[in-house]
$ cat model_25.cif   # mmCIF, C-alpha atoms
data_upload
#
loop_
_atom_site.label_atom_id
_atom_site.label_comp_id
_atom_site.auth_asym_id
_atom_site.auth_seq_id
_atom_site.Cartn_x
_atom_site.Cartn_y
_atom_site.Cartn_z
CA MET A 16 0.49 -3.69 20.17
CA LYS A 17 1.99 -6.83 18.65
CA ASN A 18 -0.57 -9.04 20.45
CA ILE A 19 -3.39 -7.42 18.51
CA PHE A 20 -2.38 -9.43 15.44
CA LEU A 21 -3.27 -12.64 17.32
CA LEU A 22 -6.92 -11.56 17.64
CA PRO A 23 -8.17 -13.26 14.43
CA ILE A 24 -6.50 -16.53 15.49
CA PHE A 25 -8.12 -16.45 18.95
CA PHE A 26 -11.45 -15.60 17.33
CA PHE A 27 -11.21 -18.58 14.95
CA VAL A 28 -10.23 -21.00 17.75
CA HIS A 29 -13.11 -19.78 19.91
CA CYS A 30 -15.63 -20.40 17.13
CA TYR A 31 -14.16 -23.83 16.38
CA LEU A 32 -14.21 -24.99 20.02
CA HIS A 33 -17.81 -23.88 20.40
CA ALA A 34 -18.83 -25.67 17.19
CA GLN A 35 -20.16 -22.50 15.58
CA THR A 36 -20.64 -22.30 11.83
CA LEU A 37 -17.90 -19.96 10.65
CA GLU A 38 -18.02 -17.83 7.53
CA ALA A 39 -14.78 -16.61 5.97
CA ASP A 40 -14.72 -13.85 3.34
CA ILE A 41 -11.54 -13.80 1.25
CA GLY A 42 -11.46 -10.48 -0.58
CA LEU A 43 -9.50 -8.74 -3.32
CA SER A 44 -10.11 -5.07 -4.07
CA TYR A 45 -8.90 -2.02 -5.93
CA SER A 46 -7.57 0.61 -3.53
CA ARG A 47 -7.43 4.37 -4.05
CA MET A 48 -5.28 6.18 -1.47
CA GLU A 49 -6.02 9.90 -1.08
CA PRO A 50 -3.51 11.83 1.11
CA LEU A 51 -5.07 14.40 3.44
CA ASN A 52 -3.99 17.50 5.36
CA ARG A 53 -0.25 18.29 5.21
CA MET A 54 0.54 15.02 3.44
CA SER A 55 -1.57 16.09 0.44
CA ASN A 56 0.94 18.91 -0.17
CA PHE A 57 3.72 16.48 -0.98
CA ILE A 58 2.40 13.28 -2.54
CA PRO A 59 -0.31 12.57 -5.13
CA SER A 60 -3.06 9.96 -4.95
CA GLY A 61 -2.02 6.32 -4.94
CA ASN A 62 -3.42 3.25 -6.67
CA GLY A 63 -3.06 -0.32 -5.51
CA ILE A 64 -4.69 -3.49 -4.26
CA GLY A 65 -6.17 -4.65 -0.98
CA LEU A 66 -6.38 -8.17 0.41
CA ASP A 67 -8.49 -9.13 3.40
CA LEU A 68 -9.67 -12.19 5.31
CA MET A 69 -12.72 -11.62 7.51
CA LEU A 70 -14.09 -14.30 9.87
CA ARG A 71 -17.47 -14.36 11.60
CA PRO A 72 -19.95 -16.87 13.04
CA ALA A 73 -22.94 -17.41 10.75
CA GLY A 74 -25.71 -15.00 11.69
CA SER A 75 -23.42 -12.74 13.70
CA ARG A 76 -23.14 -9.04 12.94
CA PHE A 77 -19.48 -8.85 13.98
CA ALA A 78 -16.48 -9.98 11.90
CA VAL A 79 -12.74 -9.77 12.55
CA GLY A 80 -9.74 -10.45 10.36
CA LEU A 81 -6.58 -9.40 8.55
CA ASP A 82 -6.23 -6.52 6.12
CA LEU A 83 -3.28 -5.95 3.77
CA GLY A 84 -2.82 -3.08 1.34
CA TYR A 85 -0.20 -2.05 -1.21
CA SER A 86 -0.30 1.20 -3.21
CA ILE A 87 2.04 3.07 -5.53
CA TYR A 88 1.76 6.84 -5.17
CA GLY A 89 4.54 7.97 -7.48
CA ARG A 90 6.65 6.53 -10.28
CA ASP A 91 9.41 8.11 -12.35
CA SER A 92 11.17 6.54 -15.33
CA ASP A 93 14.21 7.74 -17.27
CA ARG A 94 16.85 6.23 -19.54
CA GLN A 95 20.48 6.53 -18.45
CA VAL A 96 23.86 5.09 -19.45
CA TYR A 97 24.65 2.38 -16.89
CA THR A 98 28.18 1.04 -16.29
CA PHE A 99 28.50 -2.60 -15.26
CA GLU A 100 31.18 -4.05 -12.96
CA ASP A 101 33.21 -5.32 -15.94
CA GLY A 102 33.38 -1.80 -17.40
CA SER A 103 30.86 -2.36 -20.20
CA LYS A 104 28.12 0.23 -20.67
CA ALA A 105 24.57 0.16 -21.97
CA ASP A 106 21.41 2.25 -21.93
CA MET A 107 19.16 1.21 -19.06
CA ASP A 108 15.72 2.25 -17.81
CA ILE A 109 15.97 3.82 -14.34
CA VAL A 110 12.65 3.47 -12.51
CA VAL A 111 11.86 4.99 -9.09
CA ASN A 112 8.83 3.57 -7.29
CA ASN A 113 7.21 5.21 -4.24
CA ASN A 114 4.94 2.83 -2.34
CA ILE A 115 2.89 2.28 0.82
CA THR A 116 2.36 -1.12 2.44
CA ASN A 117 -0.18 -1.53 5.27
CA PHE A 118 -0.42 -4.57 7.59
CA MET A 119 -3.55 -4.36 9.77
CA ILE A 120 -6.16 -6.28 11.71
CA GLY A 121 -9.69 -5.02 11.79
CA GLY A 122 -13.29 -5.57 12.74
CA ARG A 123 -16.59 -4.89 11.02
CA TYR A 124 -20.03 -4.47 12.57
CA PHE A 125 -22.90 -5.00 10.14
CA LEU A 126 -25.93 -2.76 10.63
CA GLY A 127 -28.38 -5.49 9.68
CA GLU A 128 -28.73 -9.23 9.31
CA ASN A 129 -30.86 -9.77 6.22
CA GLY A 130 -31.05 -8.22 2.79
CA LYS A 131 -28.95 -8.01 -0.33
CA ILE A 132 -27.18 -4.80 0.68
CA ILE A 133 -26.02 -4.35 4.29
CA PRO A 134 -24.09 -1.28 5.56
CA PHE A 135 -21.26 -1.73 8.05
CA ILE A 136 -18.88 0.29 10.18
CA SER A 137 -15.26 -0.72 10.68
CA ALA A 138 -12.17 -0.14 12.80
CA LYS A 139 -8.62 -1.35 12.25
CA ALA A 140 -5.08 -1.01 13.60
CA GLY A 141 -1.64 -2.04 12.44
CA TYR A 142 1.56 -0.83 10.80
CA SER A 143 2.26 1.26 7.71
CA ARG A 144 5.54 1.17 5.76
CA PHE A 145 6.51 3.88 3.27
CA GLY A 146 9.31 2.96 0.88
CA THR A 147 11.11 4.20 -2.22
CA ASN A 148 12.90 1.72 -4.46
CA LEU A 149 15.13 2.27 -7.47
CA PHE A 150 15.11 -0.37 -10.22
CA ILE A 151 17.39 -0.66 -13.25
CA TYR A 152 15.89 -2.54 -16.21
CA ASP A 153 17.18 -3.64 -19.57
CA PRO A 154 15.11 -1.71 -22.18
CA ASP A 155 15.22 -4.81 -24.40
CA ASP A 156 13.27 -6.69 -21.72
CA PHE A 157 9.83 -5.66 -22.91
CA ASP A 158 7.83 -6.54 -19.78
CA HIS A 159 10.55 -5.50 -17.27
CA CYS A 160 10.02 -8.78 -15.42
CA GLU A 161 13.45 -8.84 -13.74
CA PRO A 162 15.56 -5.78 -12.79
CA ILE A 163 19.31 -6.09 -13.26
CA ASP A 164 19.89 -4.00 -10.14
CA THR A 165 17.82 -2.61 -7.26
CA GLU A 166 18.38 -0.18 -4.42
CA LEU A 167 16.26 0.83 -1.44
CA LEU A 168 16.54 4.62 -1.29
CA LEU A 169 14.34 5.30 1.75
CA LYS A 170 12.05 3.44 4.14
CA ASP A 171 10.16 4.42 7.28
CA GLY A 172 7.14 3.16 9.17
CA THR A 173 4.59 4.03 11.82
CA PHE A 174 1.72 2.44 13.70
CA LEU A 175 -1.62 3.04 12.08
CA ARG A 176 -5.24 3.16 13.16
CA GLY A 177 -8.38 3.68 11.16
CA ILE A 178 -12.15 4.01 11.21
CA GLY A 179 -14.53 3.70 8.31
CA ALA A 180 -17.82 2.56 6.84
CA GLY A 181 -19.02 0.66 3.81
CA LEU A 182 -21.63 -1.44 2.06
CA GLN A 183 -21.69 -5.18 1.39
CA TRP A 184 -23.81 -6.57 -1.43
CA LYS A 185 -24.50 -10.29 -1.43
CA PHE A 186 -25.32 -11.29 -4.99
CA SER A 187 -24.81 -15.06 -4.61
CA GLU A 188 -24.31 -17.64 -1.86
CA VAL A 189 -20.54 -17.57 -2.29
CA MET A 190 -19.78 -14.09 -3.64
CA VAL A 191 -20.15 -10.64 -2.11
CA MET A 192 -19.14 -7.16 -3.25
CA ASN A 193 -17.65 -4.62 -0.83
CA LEU A 194 -17.46 -0.83 -1.11
CA SER A 195 -15.70 0.97 1.73
CA ALA A 196 -13.96 4.16 2.86
CA ASP A 197 -11.49 4.24 5.77
CA LEU A 198 -9.71 7.17 7.36
CA LEU A 199 -6.19 6.00 8.28
CA MET A 200 -4.15 7.95 10.83
CA GLY A 201 -0.58 7.42 12.01
CA GLY A 202 2.40 9.14 13.56
CA GLY A 203 5.14 11.20 11.95
CA ILE A 204 6.98 9.55 9.08
CA ARG A 205 9.62 10.35 6.46
CA TYR A 206 8.72 9.56 2.86
CA MET A 207 9.87 10.40 -0.63
CA SER A 208 7.96 11.92 -3.51
CA VAL A 209 9.19 12.10 -7.10
CA ASP A 210 7.49 15.46 -7.42
CA ALA A 211 5.06 17.23 -5.14
CA PRO A 212 1.63 17.92 -6.67
CA ILE A 213 1.65 20.80 -9.18
CA ARG A 214 -0.68 22.91 -7.05
CA HIS A 215 1.96 22.92 -4.29
CA GLU A 216 5.19 23.30 -6.23
CA HIS A 217 6.39 25.94 -3.80
CA HIS A 218 6.60 23.25 -1.12
CA HIS A 219 9.65 21.78 -2.87
CA SER A 220 11.69 24.15 -0.75
CA THR A 221 10.60 22.26 2.40
CA GLY A 222 11.89 18.90 1.17
CA ASN A 223 15.41 17.57 0.80
CA GLU A 224 16.32 16.64 -2.77
CA VAL A 225 17.57 13.09 -3.35
CA GLU A 226 19.80 12.11 -6.27
CA ALA A 227 20.95 8.63 -7.24
CA ARG A 228 24.60 8.38 -8.32
CA PHE A 229 25.88 6.18 -11.15
CA ILE A 230 29.67 5.83 -11.46
CA ASN A 231 31.50 5.17 -14.71
CA THR A 232 34.25 2.76 -13.58
CA GLN A 233 36.49 3.71 -16.53
CA THR A 234 36.47 7.48 -16.19
CA GLN A 235 35.32 7.67 -12.53
CA VAL A 236 32.81 10.29 -13.65
CA ILE A 237 29.74 10.35 -11.40
CA HIS A 238 26.38 10.82 -13.11
CA LYS A 239 23.57 12.09 -10.92
CA HIS A 240 19.88 11.41 -11.45
CA HIS A 241 17.11 13.24 -9.59
CA VAL A 242 14.76 10.76 -7.90
CA GLY A 243 12.61 13.00 -5.71
CA TYR A 244 12.33 14.91 -2.46
CA VAL A 245 12.11 13.71 1.16
CA TYR A 246 9.33 15.11 3.36
CA GLN A 247 8.04 14.48 6.86
CA SER A 248 4.50 14.64 8.24
CA ALA A 249 1.90 12.65 10.15
CA VAL A 250 0.08 9.98 8.15
CA ARG A 251 -3.42 11.04 7.14
CA VAL A 252 -4.88 8.99 4.28
CA LEU A 253 -8.35 8.16 2.97
CA ASP A 254 -8.44 4.57 1.70
CA LEU A 255 -11.26 3.98 -0.82
CA ARG A 256 -11.85 0.37 -1.87
CA PHE A 257 -14.06 -1.54 -4.27
CA GLY A 258 -13.76 -5.29 -4.60
CA LEU A 259 -15.12 -8.83 -4.45
CA ALA A 260 -14.93 -11.48 -1.74
CA TYR A 261 -15.40 -15.23 -1.95
CA ARG A 262 -17.32 -16.71 1.00
CA LEU A 263 -16.44 -20.04 2.61
CA SER A 264 -18.42 -21.74 5.38
CA LYS A 265 -17.37 -24.42 7.87
#
$ encode --input "model_25.cif" --output "structure tokens"
Amino acid sequence: MKNIFLLPIFFFVHCYLHAQTLEADIGLSYSRMEPLNRMSNFIPSGNGIGLDLMLRPAGSRFAVGLDLGYSIYGRDSDRQVYTFEDGSKADMDIVVNNNITNFMIGGRYFLGENGKIIPFISAKAGYSRFGTNLFIYDPDDFDHCEPIDTELLLKDGTFLRGIGAGLQWKFSEVMVMNLSADLLMGGGIRYMSVDAPIRHEHHHSTGNEVEARFINTQTQVIHKHHVGYVYQSAVRVLDLRFGLAYRLSK
């Protein structure tokens, strides 16, 4: 499975050695992650960004490349009294961030060669990482650029595969627009959700509650803060993307 990530490199070397004109699309897109099946009971939709690099010989209908995605599907913020190591205390913003990171390689086959708008089908494979991080910020730091403390509450991962389709619109020699939808499927995974969707509140009973603990070093009193529930299911996600790509040619 690890060797599959070398495919874009072999593809590029092959084109270079055979002196083919190579086109490279470097894309940035908005990503909307919609959980499906059992997973939709426990986590809401996610929003994030997608990055991709697709390589293909000029005139070819087939492209291959790398695909990266990052989405946040849940965020909870609360203000708590935080005790520092020297015993001083201050109000701090406690932020819990639930996120998904996908590392994949993929291929696209374009169902046409000419025209402004060309449909394509796609397939991809790789690895998906689900994580939940806790951040502690100074409320006086307006943009929350640097947390004063962080903690990884939960992480898990699984191999991922996907199939999809989309449209590519070429509106200049160096700029294209992509619209795509991919069904991503993976194995069983443990993940955290701040709160399950309202329509499935009764499913809270199937998840284990997680609380972060903050200790007052002077009184040794432990303050608990609810940060979500842990669930387990197979990965089933619909990844909807809309973005732009800059085209380079060798």
$ closest_residue --input "model_25.cif" --among "A:Leu149, A:Met190, A:Val225, A:Leu66" --to "Leu43 of chain A" --atoms "all atoms listed in the file"
A:Leu66
$ closest_residue --input "model_25.cif" --among "A:Gly121, A:Gly177, A:Gly84, A:Pro59" --to "Ser208 of chain A" --atoms "only C-alpha atoms"
A:Pro59
$ closest_residue --input "model_25.cif" --among "A:Leu194, A:Ser86, A:Met119, A:Asn113" --to "Ile133 of chain A" --atoms "only C-alpha atoms"
A:Leu194
$ resolve_selection --input "model_25.cif" --expression "the PyMOL selection byres ((chain A and resi 70-80) around 6)" --output "ChimeraX atom specification"
/A:23,36-39,68-69,81,120-125
$ residues_around --input "model_25.cif" --residues "segment 169-173 of chain A" --least-positions-apart "4" --cutoff "8 Å" --atoms "all atoms listed in the file" --output "ChimeraX atom specification"
/A:142-148,201-207
$ atom_distance --input "model_25.cif" --atom1 "atom CA of Leu168 of chain A" --atom2 "atom CA of Asp106 of chain A"
21.3 Å
$ closest_residue --input "model_25.cif" --among "A:Lys131, A:Arg94, A:Lys139, A:Arg251" --to "Ile58 of chain A" --atoms "all atoms listed in the file"
A:Arg251
$ atom_distance --input "model_25.cif" --atom1 "atom CA of Asp91 of chain A" --atom2 "atom CA of Asn114 of chain A"
12.2 Å
$ closest_residue --input "model_25.cif" --among "A:Ile132, A:Met200, A:Val110, A:Val189" --to "Asp164 of chain A" --atoms "only C-alpha atoms"
A:Val110
$ closest_residue --input "model_25.cif" --among "A:Leu263, A:Val252, A:Gly258, A:Asp153" --to "Ser55 of chain A" --atoms "all atoms listed in the file"
A:Val252
$ residues_around --input "model_25.cif" --residues "Ser60 of chain A" --least-positions-apart "6" --cutoff "7 Å" --atoms "only C-alpha atoms" --output "JSON, numbers by chain"
{"A": [48, 49, 50, 88]}
$ atom_distance --input "model_25.cif" --atom1 "atom CA of Gly181 of chain A" --atom2 "atom CA of Ile87 of chain A"
23.2 Å
$ resolve_selection --input "model_25.cif" --expression "the PyMOL selection byres ((chain A and resi 257) around 7)" --output "list in words"
Ser44, Tyr45, Ser46, Asn193, Leu194, Ser195, Arg256 and Gly258 of chain A
